[in-house]
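One file, entry-v2.pdb, is given below (PDB, C-alpha atoms and all ligand atoms).
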```pdb
ATOM      1  CA  MET A   1      20.140  42.440 -93.399  1.00  0.00           C
ATOM      2  CA  ASN A   2      16.936  43.759 -94.959  1.00  0.00           C
ATOM      3  CA  ILE A   3      17.776  45.044 -98.423  1.00  0.00           C
ATOM      4  CA  VAL A   4      15.588  47.105-100.741  1.00  0.00           C
ATOM      5  CA  PHE A   5      16.079  47.556-104.506  1.00  0.00           C
ATOM      6  CA  ILE A   6      15.241  50.830-106.232  1.00  0.00           C
ATOM      7  CA  GLY A   7      15.570  51.674-109.924  1.00  0.00           C
ATOM      8  CA  MET A   8      13.673  52.588-113.051  1.00  0.00           C
ATOM      9  CA  PRO A   9      11.298  49.896-114.311  1.00  0.00           C
ATOM     10  CA  GLY A  10      13.422  47.512-116.382  1.00  0.00           C
ATOM     11  CA  SER A  11      16.718  48.568-114.784  1.00  0.00           C
ATOM     12  CA  GLY A  12      17.409  45.027-113.559  1.00  0.00           C
ATOM     13  CA  LYS A  13      16.129  45.216-109.978  1.00  0.00           C
ATOM     14  CA  GLY A  14      14.299  41.901-110.062  1.00  0.00           C
ATOM     15  CA  THR A  15      17.168  40.119-111.784  1.00  0.00           C
ATOM     16  CA  GLN A  16      19.738  41.323-109.260  1.00  0.00           C
ATOM     17  CA  ALA A  17      17.461  41.043-106.241  1.00  0.00           C
ATOM     18  CA  GLN A  18      16.809  37.373-106.991  1.00  0.00           C
ATOM     19  CA  LYS A  19      20.502  36.645-107.434  1.00  0.00           C
ATOM     20  CA  LEU A  20      21.326  38.347-104.147  1.00  0.00           C
ATOM     21  CA  ALA A  21      18.552  36.479-102.357  1.00  0.00           C
ATOM     22  CA  GLN A  22      19.940  33.204-103.687  1.00  0.00           C
ATOM     23  CA  LYS A  23      23.475  34.069-102.608  1.00  0.00           C
ATOM     24  CA  LEU A  24      22.458  35.090 -99.102  1.00  0.00           C
ATOM     25  CA  ASN A  25      19.718  32.464 -98.849  1.00  0.00           C
ATOM     26  CA  TYR A  26      17.222  35.154 -97.916  1.00  0.00           C
ATOM     27  CA  PRO A  27      13.584  35.290 -98.970  1.00  0.00           C
ATOM     28  CA  PHE A  28      12.946  37.368-102.098  1.00  0.00           C
ATOM     29  CA  VAL A  29       9.687  39.279-102.210  1.00  0.00           C
ATOM     30  CA  SER A  30       8.504  41.402-105.137  1.00  0.00           C
ATOM     31  CA  THR A  31       5.280  43.385-104.912  1.00  0.00           C
ATOM     32  CA  GLY A  32       4.976  43.195-108.714  1.00  0.00           C
ATOM     33  CA  ASP A  33       5.114  39.374-108.510  1.00  0.00           C
ATOM     34  CA  LEU A  34       2.583  39.392-105.667  1.00  0.00           C
ATOM     35  CA  PHE A  35       0.194  41.443-107.823  1.00  0.00           C
ATOM     36  CA  ARG A  36       0.726  39.252-110.891  1.00  0.00           C
ATOM     37  CA  SER A  37      -0.039  36.200-108.787  1.00  0.00           C
ATOM     38  CA  GLN A  38      -3.258  37.839-107.522  1.00  0.00           C
ATOM     39  CA  ILE A  39      -4.225  38.671-111.108  1.00  0.00           C
ATOM     40  CA  GLU A  40      -3.583  35.099-112.254  1.00  0.00           C
ATOM     41  CA  LYS A  41      -5.681  33.715-109.410  1.00  0.00           C
ATOM     42  CA  GLN A  42      -8.395  36.290-110.231  1.00  0.00           C
ATOM     43  CA  THR A  43      -8.750  37.367-106.613  1.00  0.00           C
ATOM     44  CA  GLU A  44     -10.615  40.559-105.689  1.00  0.00           C
ATOM     45  CA  ILE A  45      -7.324  42.434-105.286  1.00  0.00           C
ATOM     46  CA  GLY A  46      -6.125  41.025-108.608  1.00  0.00           C
ATOM     47  CA  LYS A  47      -9.286  42.066-110.430  1.00  0.00           C
ATOM     48  CA  LYS A  48      -9.103  45.600-109.028  1.00  0.00           C
ATOM     49  CA  ALA A  49      -5.361  45.989-109.629  1.00  0.00           C
ATOM     50  CA  LYS A  50      -5.188  44.556-113.157  1.00  0.00           C
ATOM     51  CA  GLN A  51      -6.326  47.653-115.026  1.00  0.00           C
ATOM     52  CA  ILE A  52      -4.111  49.934-112.950  1.00  0.00           C
ATOM     53  CA  ILE A  53      -1.063  47.734-113.447  1.00  0.00           C
ATOM     54  CA  ASP A  54      -1.641  47.125-117.157  1.00  0.00           C
ATOM     55  CA  GLY A  55      -1.863  50.890-117.666  1.00  0.00           C
ATOM     56  CA  GLY A  56       1.487  51.367-115.951  1.00  0.00           C
ATOM     57  CA  ASN A  57       0.101  53.180-112.920  1.00  0.00           C
ATOM     58  CA  LEU A  58       0.853  52.457-109.291  1.00  0.00           C
ATOM     59  CA  VAL A  59      -1.648  50.647-107.128  1.00  0.00           C
ATOM     60  CA  ASP A  60      -2.797  52.478-103.989  1.00  0.00           C
ATOM     61  CA  ASP A  61      -0.084  52.604-101.292  1.00  0.00           C
ATOM     62  CA  ASP A  62      -2.260  51.063 -98.547  1.00  0.00           C
ATOM     63  CA  VAL A  63      -3.473  48.219-100.766  1.00  0.00           C
ATOM     64  CA  THR A  64       0.085  47.448-101.842  1.00  0.00           C
ATOM     65  CA  PHE A  65       1.453  47.571 -98.315  1.00  0.00           C
ATOM     66  CA  GLU A  66      -1.286  45.200 -97.085  1.00  0.00           C
ATOM     67  CA  LEU A  67      -0.461  42.789 -99.901  1.00  0.00           C
ATOM     68  CA  LEU A  68       3.222  42.989 -99.008  1.00  0.00           C
ATOM     69  CA  LYS A  69       2.583  42.311 -95.311  1.00  0.00           C
ATOM     70  CA  GLN A  70       0.380  39.334 -96.192  1.00  0.00           C
ATOM     71  CA  GLY A  71       3.028  38.089 -98.653  1.00  0.00           C
ATOM     72  CA  LEU A  72       5.773  38.337 -96.032  1.00  0.00           C
ATOM     73  CA  LYS A  73       3.852  35.974 -93.758  1.00  0.00           C
ATOM     74  CA  ASP A  74       4.786  33.093 -96.081  1.00  0.00           C
ATOM     75  CA  PHE A  75       8.480  33.537 -95.288  1.00  0.00           C
ATOM     76  CA  ASP A  76      10.884  33.358 -92.414  1.00  0.00           C
ATOM     77  CA  ILE A  77      12.429  36.831 -92.561  1.00  0.00           C
ATOM     78  CA  SER A  78      14.251  36.601 -89.238  1.00  0.00           C
ATOM     79  CA  ARG A  79      17.716  36.484 -90.899  1.00  0.00           C
ATOM     80  CA  GLY A  80      16.991  38.993 -93.619  1.00  0.00           C
ATOM     81  CA  LEU A  81      14.927  39.852 -96.646  1.00  0.00           C
ATOM     82  CA  ILE A  82      15.360  41.098-100.202  1.00  0.00           C
ATOM     83  CA  LEU A  83      12.580  43.438-101.329  1.00  0.00           C
ATOM     84  CA  ASP A  84      11.970  44.341-104.962  1.00  0.00           C
ATOM     85  CA  GLY A  85       9.388  46.914-106.045  1.00  0.00           C
ATOM     86  CA  PHE A  86       8.578  48.310-102.605  1.00  0.00           C
ATOM     87  CA  PRO A  87       8.878  51.099-101.601  1.00  0.00           C
ATOM     88  CA  ARG A  88       8.326  53.090-104.782  1.00  0.00           C
ATOM     89  CA  ASN A  89       7.632  56.490-103.230  1.00  0.00           C
ATOM     90  CA  LEU A  90       8.304  58.413-100.019  1.00  0.00           C
ATOM     91  CA  ASN A  91       4.960  57.530 -98.450  1.00  0.00           C
ATOM     92  CA  GLN A  92       5.637  53.810 -98.919  1.00  0.00           C
ATOM     93  CA  ALA A  93       9.154  54.205 -97.514  1.00  0.00           C
ATOM     94  CA  LYS A  94       7.711  55.782 -94.364  1.00  0.00           C
ATOM     95  CA  MET A  95       5.129  52.999 -94.050  1.00  0.00           C
ATOM     96  CA  LEU A  96       7.832  50.371 -94.403  1.00  0.00           C
ATOM     97  CA  ASP A  97      10.079  52.186 -91.952  1.00  0.00           C
ATOM     98  CA  GLU A  98       7.560  51.679 -89.162  1.00  0.00           C
ATOM     99  CA  TYR A  99       7.279  47.981 -89.938  1.00  0.00           C
ATOM    100  CA  LEU A 100      10.780  46.796 -90.801  1.00  0.00           C
ATOM    101  CA  LYS A 101      14.303  48.096 -90.312  1.00  0.00           C
ATOM    102  CA  ILE A 102      15.947  48.583 -93.695  1.00  0.00           C
ATOM    103  CA  ASP A 103      19.717  48.085 -93.653  1.00  0.00           C
ATOM    104  CA  LYS A 104      20.722  48.774 -97.271  1.00  0.00           C
ATOM    105  CA  VAL A 105      19.190  50.292-100.371  1.00  0.00           C
ATOM    106  CA  ILE A 106      20.535  49.187-103.743  1.00  0.00           C
ATOM    107  CA  ASN A 107      19.888  51.954-106.270  1.00  0.00           C
ATOM    108  CA  ILE A 108      20.369  50.693-109.834  1.00  0.00           C
ATOM    109  CA  ASN A 109      21.020  53.450-112.372  1.00  0.00           C
ATOM    110  CA  LEU A 110      20.176  52.971-116.025  1.00  0.00           C
ATOM    111  CA  SER A 111      19.261  55.348-118.852  1.00  0.00           C
ATOM    112  CA  GLU A 112      15.747  55.505-120.233  1.00  0.00           C
ATOM    113  CA  SER A 113      16.843  54.279-123.688  1.00  0.00           C
ATOM    114  CA  GLU A 114      18.554  51.196-122.230  1.00  0.00           C
ATOM    115  CA  VAL A 115      15.505  50.475-120.082  1.00  0.00           C
ATOM    116  CA  LEU A 116      13.336  50.408-123.221  1.00  0.00           C
ATOM    117  CA  THR A 117      15.622  47.798-124.864  1.00  0.00           C
ATOM    118  CA  ARG A 118      15.527  45.696-121.728  1.00  0.00           C
ATOM    119  CA  ILE A 119      11.752  45.801-121.286  1.00  0.00           C
ATOM    120  CA  GLY A 120      11.266  45.115-125.020  1.00  0.00           C
ATOM    121  CA  GLY A 121      13.001  41.736-124.713  1.00  0.00           C
ATOM    122  CA  ARG A 122      11.850  40.755-121.250  1.00  0.00           C
ATOM    123  CA  ARG A 123      10.101  37.433-120.769  1.00  0.00           C
ATOM    124  CA  THR A 124       8.559  36.668-117.401  1.00  0.00           C
ATOM    125  CA  CYS A 125       7.395  33.545-115.598  1.00  0.00           C
ATOM    126  CA  ILE A 126       4.541  33.533-113.127  1.00  0.00           C
ATOM    127  CA  CYS A 127       6.990  31.977-110.624  1.00  0.00           C
ATOM    128  CA  GLY A 128       8.860  35.308-110.630  1.00  0.00           C
ATOM    129  CA  ALA A 129      11.839  34.349-112.790  1.00  0.00           C
ATOM    130  CA  THR A 130      12.824  36.942-115.400  1.00  0.00           C
ATOM    131  CA  TYR A 131      14.591  36.427-118.732  1.00  0.00           C
ATOM    132  CA  HIS A 132      15.645  38.474-121.734  1.00  0.00           C
ATOM    133  CA  ILE A 133      15.495  37.059-125.261  1.00  0.00           C
ATOM    134  CA  LYS A 134      19.004  38.353-126.007  1.00  0.00           C
ATOM    135  CA  PHE A 135      20.769  39.160-122.727  1.00  0.00           C
ATOM    136  CA  ASN A 136      19.519  36.325-120.532  1.00  0.00           C
ATOM    137  CA  PRO A 137      17.645  33.715-122.588  1.00  0.00           C
ATOM    138  CA  PRO A 138      16.123  30.623-120.965  1.00  0.00           C
ATOM    139  CA  LYS A 139      17.777  27.270-121.799  1.00  0.00           C
ATOM    140  CA  GLN A 140      14.695  26.195-123.754  1.00  0.00           C
ATOM    141  CA  LYS A 141      12.942  28.869-125.806  1.00  0.00           C
ATOM    142  CA  ASN A 142      10.042  30.453-123.923  1.00  0.00           C
ATOM    143  CA  ILE A 143      10.180  27.905-121.064  1.00  0.00           C
ATOM    144  CA  CYS A 144      11.165  28.824-117.516  1.00  0.00           C
ATOM    145  CA  ASP A 145      14.440  27.203-116.359  1.00  0.00           C
ATOM    146  CA  VAL A 146      13.186  27.212-112.777  1.00  0.00           C
ATOM    147  CA  CYS A 147       9.668  25.755-112.994  1.00  0.00           C
ATOM    148  CA  GLY A 148       9.121  24.669-116.637  1.00  0.00           C
ATOM    149  CA  LYS A 149       6.112  26.943-117.216  1.00  0.00           C
ATOM    150  CA  GLU A 150       5.644  28.973-120.388  1.00  0.00           C
ATOM    151  CA  LEU A 151       7.051  32.515-120.307  1.00  0.00           C
ATOM    152  CA  PHE A 152       4.927  35.544-121.132  1.00  0.00           C
ATOM    153  CA  ILE A 153       5.315  39.183-122.128  1.00  0.00           C
ATOM    154  CA  ARG A 154       3.962  41.409-119.361  1.00  0.00           C
ATOM    155  CA  GLU A 155       0.780  43.345-120.194  1.00  0.00           C
ATOM    156  CA  ASP A 156       2.470  46.520-118.982  1.00  0.00           C
ATOM    157  CA  ALA A 157       5.251  46.183-121.587  1.00  0.00           C
ATOM    158  CA  LYS A 158       3.174  48.264-124.038  1.00  0.00           C
ATOM    159  CA  GLU A 159       4.631  51.600-125.085  1.00  0.00           C
ATOM    160  CA  GLU A 160       2.037  53.787-123.337  1.00  0.00           C
ATOM    161  CA  ALA A 161       2.284  51.845-120.063  1.00  0.00           C
ATOM    162  CA  ILE A 162       6.073  51.974-120.115  1.00  0.00           C
ATOM    163  CA  LYS A 163       5.935  55.735-120.670  1.00  0.00           C
ATOM    164  CA  THR A 164       3.615  56.119-117.691  1.00  0.00           C
ATOM    165  CA  ARG A 165       5.780  53.888-115.484  1.00  0.00           C
ATOM    166  CA  ILE A 166       8.916  55.856-116.315  1.00  0.00           C
ATOM    167  CA  GLU A 167       7.123  59.172-115.684  1.00  0.00           C
ATOM    168  CA  ILE A 168       5.895  57.988-112.281  1.00  0.00           C
ATOM    169  CA  TYR A 169       9.354  56.701-111.390  1.00  0.00           C
ATOM    170  CA  ASN A 170      10.964  60.029-112.367  1.00  0.00           C
ATOM    171  CA  LYS A 171       8.458  61.940-110.240  1.00  0.00           C
ATOM    172  CA  SER A 172       8.796  59.739-107.144  1.00  0.00           C
ATOM    173  CA  VAL A 173      12.412  58.682-107.000  1.00  0.00           C
ATOM    174  CA  ASP A 174      14.184  61.793-105.646  1.00  0.00           C
ATOM    175  CA  PRO A 175      12.248  62.125-102.359  1.00  0.00           C
ATOM    176  CA  LEU A 176      12.443  58.347-101.940  1.00  0.00           C
ATOM    177  CA  LEU A 177      16.209  58.262-102.385  1.00  0.00           C
ATOM    178  CA  ASP A 178      16.700  61.376-100.237  1.00  0.00           C
ATOM    179  CA  PHE A 179      14.880  59.622 -97.397  1.00  0.00           C
ATOM    180  CA  TYR A 180      17.341  56.727 -97.517  1.00  0.00           C
ATOM    181  CA  ARG A 181      20.415  58.851 -98.336  1.00  0.00           C
ATOM    182  CA  LYS A 182      19.854  60.843 -95.146  1.00  0.00           C
ATOM    183  CA  LYS A 183      20.067  57.550 -93.283  1.00  0.00           C
ATOM    184  CA  GLY A 184      23.259  56.665 -95.179  1.00  0.00           C
ATOM    185  CA  LEU A 185      21.809  53.460 -96.592  1.00  0.00           C
ATOM    186  CA  VAL A 186      22.068  53.951-100.357  1.00  0.00           C
ATOM    187  CA  LEU A 187      24.537  52.043-102.536  1.00  0.00           C
ATOM    188  CA  ASP A 188      24.594  53.433-106.091  1.00  0.00           C
ATOM    189  CA  ILE A 189      25.074  50.812-108.761  1.00  0.00           C
ATOM    190  CA  ASP A 190      25.747  51.228-112.495  1.00  0.00           C
ATOM    191  CA  GLY A 191      23.082  49.093-114.200  1.00  0.00           C
ATOM    192  CA  ASN A 192      24.704  49.250-117.660  1.00  0.00           C
ATOM    193  CA  PRO A 193      27.168  46.325-117.611  1.00  0.00           C
ATOM    194  CA  PRO A 194      26.129  42.707-118.254  1.00  0.00           C
ATOM    195  CA  ILE A 195      24.129  40.964-115.508  1.00  0.00           C
ATOM    196  CA  ASP A 196      27.076  39.192-113.851  1.00  0.00           C
ATOM    197  CA  GLU A 197      29.147  42.375-113.707  1.00  0.00           C
ATOM    198  CA  VAL A 198      26.319  44.281-112.039  1.00  0.00           C
ATOM    199  CA  THR A 199      26.053  41.404-109.548  1.00  0.00           C
ATOM    200  CA  THR A 200      29.773  41.699-108.811  1.00  0.00           C
ATOM    201  CA  GLU A 201      29.461  45.438-108.167  1.00  0.00           C
ATOM    202  CA  ILE A 202      26.546  44.860-105.796  1.00  0.00           C
ATOM    203  CA  ASN A 203      28.399  42.104-103.928  1.00  0.00           C
ATOM    204  CA  ASN A 204      31.512  44.266-103.667  1.00  0.00           C
ATOM    205  CA  LYS A 205      29.595  47.248-102.338  1.00  0.00           C
ATOM    206  CA  LEU A 206      27.858  45.014 -99.799  1.00  0.00           C
ATOM    207  CA  SER A 207      31.293  43.549 -98.879  1.00  0.00           C
ATOM    208  CA  LEU A 208      30.068  40.040 -99.731  1.00  0.00           C
TER
HETATM  209  P1  LIG B 301      13.144  45.433-113.124  1.00  0.00           P
HETATM  210  O1  LIG B 301      12.885  44.399-112.056  1.00  0.00           O
HETATM  211  O2  LIG B 301      13.970  46.576-112.641  1.00  0.00           O
HETATM  212  O3  LIG B 301      11.895  45.884-113.813  1.00  0.00           O
HETATM  213  P2  LIG B 301      14.283  43.206-114.608  1.00  0.00           P
HETATM  214  O4  LIG B 301      15.174  42.544-113.623  1.00  0.00           O
HETATM  215  O5  LIG B 301      12.983  42.552-114.906  1.00  0.00           O
HETATM  216  O6  LIG B 301      14.049  44.758-114.232  1.00  0.00           O
HETATM  217  O7  LIG B 301      15.137  43.394-115.941  1.00  0.00           O
HETATM  218  C1  LIG B 301      14.543  43.909-117.131  1.00  0.00           C
HETATM  219  C2  LIG B 301      15.024  43.092-118.343  1.00  0.00           C
HETATM  220  O8  LIG B 301      16.407  43.340-118.564  1.00  0.00           O
HETATM  221  C3  LIG B 301      14.873  41.576-118.170  1.00  0.00           C
HETATM  222  O9  LIG B 301      14.532  41.037-119.423  1.00  0.00           O
HETATM  223  C4  LIG B 301      16.271  41.131-117.727  1.00  0.00           C
HETATM  224  O10 LIG B 301      16.558  39.795-118.134  1.00  0.00           O
HETATM  225  C5  LIG B 301      17.167  42.130-118.461  1.00  0.00           C
HETATM  226  N1  LIG B 301      18.369  42.505-117.725  1.00  0.00           N
HETATM  227  C6  LIG B 301      18.491  42.706-116.388  1.00  0.00           C
HETATM  228  N2  LIG B 301      19.738  43.100-116.066  1.00  0.00           N
HETATM  229  C7  LIG B 301      20.423  43.176-117.249  1.00  0.00           C
HETATM  230  C8  LIG B 301      21.782  43.531-117.616  1.00  0.00           C
HETATM  231  N3  LIG B 301      22.660  43.908-116.685  1.00  0.00           N
HETATM  232  N4  LIG B 301      22.113  43.492-118.909  1.00  0.00           N
HETATM  233  C9  LIG B 301      21.204  43.131-119.852  1.00  0.00           C
HETATM  234  N5  LIG B 301      19.940  42.776-119.580  1.00  0.00           N
HETATM  235  C10 LIG B 301      19.543  42.799-118.306  1.00  0.00           C
HETATM  236  P1  LIG B 302       7.056  45.524-111.079  1.00  0.00           P
HETATM  237  O1  LIG B 302       6.971  44.055-111.333  1.00  0.00           O
HETATM  238  O2  LIG B 302       7.848  45.867-109.859  1.00  0.00           O
HETATM  239  O3  LIG B 302       7.506  46.309-112.303  1.00  0.00           O
HETATM  240  O4  LIG B 302       5.569  46.018-110.743  1.00  0.00           O
HETATM  241  C1  LIG B 302       4.531  45.894-111.713  1.00  0.00           C
HETATM  242  C2  LIG B 302       3.374  46.794-111.346  1.00  0.00           C
HETATM  243  O5  LIG B 302       2.785  46.381-110.081  1.00  0.00           O
HETATM  244  C3  LIG B 302       3.706  48.270-111.130  1.00  0.00           C
HETATM  245  O6  LIG B 302       3.793  48.997-112.343  1.00  0.00           O
HETATM  246  C4  LIG B 302       2.513  48.715-110.269  1.00  0.00           C
HETATM  247  O7  LIG B 302       1.336  48.877-111.022  1.00  0.00           O
HETATM  248  C5  LIG B 302       2.328  47.505-109.342  1.00  0.00           C
HETATM  249  N1  LIG B 302       3.192  47.672-108.151  1.00  0.00           N
HETATM  250  C6  LIG B 302       4.289  46.936-107.827  1.00  0.00           C
HETATM  251  N2  LIG B 302       4.860  47.410-106.707  1.00  0.00           N
HETATM  252  C7  LIG B 302       4.137  48.487-106.347  1.00  0.00           C
HETATM  253  C8  LIG B 302       4.236  49.448-105.300  1.00  0.00           C
HETATM  254  N3  LIG B 302       5.224  49.386-104.396  1.00  0.00           N
HETATM  255  N4  LIG B 302       3.306  50.433-105.218  1.00  0.00           N
HETATM  256  C9  LIG B 302       2.316  50.504-106.103  1.00  0.00           C
HETATM  257  N5  LIG B 302       2.159  49.659-107.138  1.00  0.00           N
HETATM  258  C10 LIG B 302       3.060  48.664-107.260  1.00  0.00           C
END
```
Write-out of the structure in structure tokens:
Amino acid sequence: MNIVFIGMPGSGKGTQAQKLAQKLNYPFVSTGDLFRSQIEKQTEIGKKAKQIIDGGNLVDDDVTFELLKQGLKDFDISRGLILDGFPRNLNQAKMLDEYLKIDKVININLSESEVLTRIGGRRTCICGATYHIKFNPPKQKNICDVCGKELFIREDAKEEAIKTRIEIYNKSVDPLLDFYRKKGLVLDIDGNPPIDEVTTEINNKLSL
């Protein structure tokens, strides 16, 4: 199964996508993580994308899709794949459609006010792990449970960038979801409950 996660920034996509990938033993690929890794390594793509990302805007569709395709080469996706952060608009969904058959779309619903609380407390590791100071703290303060590196607050967690990200999401999401709803692939998930309860709802709806 190839499964895509859609939801407002901060709705819990990455958190749930990683848990599902672990459960199914599928590769987990996040375009946001791929960009952050490029920025850390100061590659050409990273240098060009940094300002766009920090401002809360979307990187060009073609650039992002190329990065995704390159990123996928590192994994064996023959059994399945969990995708987080791509596609984010209809154009990207059409690009992906020609490349990979998507079997399910997990659409996580969360209000804007709750998203702000979540992003405000988010701590991220360059390895891709995500924490929350209150709702999902690491075992040792500010240290990643998975790889031991120091956690950071994302540059795009600033108020203006968050506003922009939410605006872009609101503008893009309906055509994107319509595209997948017409194919009967969308599973709607309530993102409000605690992490483990959201996981249970996703597993139930996927009949896992
Ligand atoms: P997204 O990938 O959609 O941007 P994340 O998975 O990074 O969202 O989650 C945003 C923040 O909210 C993180 O700090 C994460 O630990 C926290 N979080 C995720 N799901 C929940 C939940 N169900 N309840 C409380 N906090 C959550
Ligand atoms: P995320 O970690 O998914 O919140 O992504 C962080 C940022 O990376 C986004 O705000 C965009 O600037 C960029 N990005 C991630 N995925 C995409 C995408 N599919 N299309 C365009 N830009 C993206």
TODO: Name every residue that the PyMOL selection byres (((chain A and resi 188) around 8) and not hetatm) selects in this structure, writing the answer as a ChimeraX atom specification with chains first and numbers rising.
DONE: /A:106-109,186-187,189-190
Open item on the list: Which residues are near ligand LIG 301 (chain B) - at most 8 Å, using all atoms listed in the file? Format: as a ChimeraX atom specification.
Closed with: /A:6-17,84-85,115,117-124,130-137,191-198
Open item on the list: As a check of understanding, name the residues that the PyMOL selection byres (((not hetatm)) within 9 of (chain B and resi 302)) selects in the supplied structure, as an NGL selection string.
Closed with: :A and (8-10 or 13-14 or 30-36 or 49-65 or 68 or 84-89 or 92 or 128 or 154 or 156 or 161-162 or 164-165)
Open item on the list: So that I can see what lies close to region 172-184 of chain A, please list as a ChimeraX atom specification the residues with an atom at most 7 Å from it, counting all atoms listed in the file and leaving out residues fewer than 2 positions away in the same chain.
Closed with: /A:89-90,93,168-170,186
Task: Computed interatomic separation between CA of Leu67 (chain A) and CA of Ile45 (chain A) (Å) - done: 8.7 Å
Open item on the list: Considering only C-alpha atoms, can you say which of A:Ile39, A:Val105, A:Leu110, A:Leu151 comes closest to Ala129 (chain A)?
Closed with: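 Among the listed residues, A:Leu151 lies closest to Ala129 (chain A).
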TODO: Identify, on the basis of all atoms listed in the file, every residue whose closest approach to region 76-78 of chain A does not exceed 10 Å; exclude the query and any residue fewer than 3 positions from it along the same chain; express the result as number ranges by chain.
DONE: A: 1-2, 26-28, 72-73, 81-82
Open item on the list: I'd like the interatomic distance between CA of Cys144 (chain A) and CA of Glu159 (chain A), to a tenth of an Å.
Closed with: 24.9 Å
Open item on the list: For a test of reading the model, state the distance in Å between CA of Glu40 (chain A) and CA of Gly71 (chain A), rounded to one decimal.
Closed with: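 If I compute the distance from CA of Glu40 (chain A) to CA of Gly71 (chain A), I get 15.4 Å.
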As lines of an AutoDock Vina configuration file: centre and edge lengths in Å, one decimal, of the axis-aligned box holding region 90-95 of chain A with 8 Å per side:
```
center_x = 7.1
center_y = 55.7
center_z = -97.0
size_x = 20.2
size_y = 21.4
size_z = 22.0
```
Task: Selection dump of the PyMOL selection byres (((chain A and resi 148) around 12) and not hetatm), as a PyMOL selection string - done: chain A and resi 125-127+129+138-147+149-151
Open item on the list: My list of candidates is A:Glu201, A:Asp74, A:Asp103, A:Glu112. Which is closest to Val29 (chain A) when distances are computed with all atoms listed in the file?
Closed with: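 The closest residue to Val29 (chain A) is A:Asp74.
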Task: Selected residue, from A:Glu44, A:Glu167, A:Asn91, A:Thr199, that lies nearest to Gln18 (chain A) when counting only C-alpha atoms - done: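 Going through A:Glu44, A:Glu167, A:Asn91, A:Thr199 one by one, the smallest distance to Gln18 (chain A) is for A:Thr199.
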TODO: Point out the residue among A:Leu208, A:Leu116, A:Ile166, A:Ile153 with the least atom-to-atom distance to Lys23 (chain A), counting only C-alpha atoms.
DONE: A:Leu208
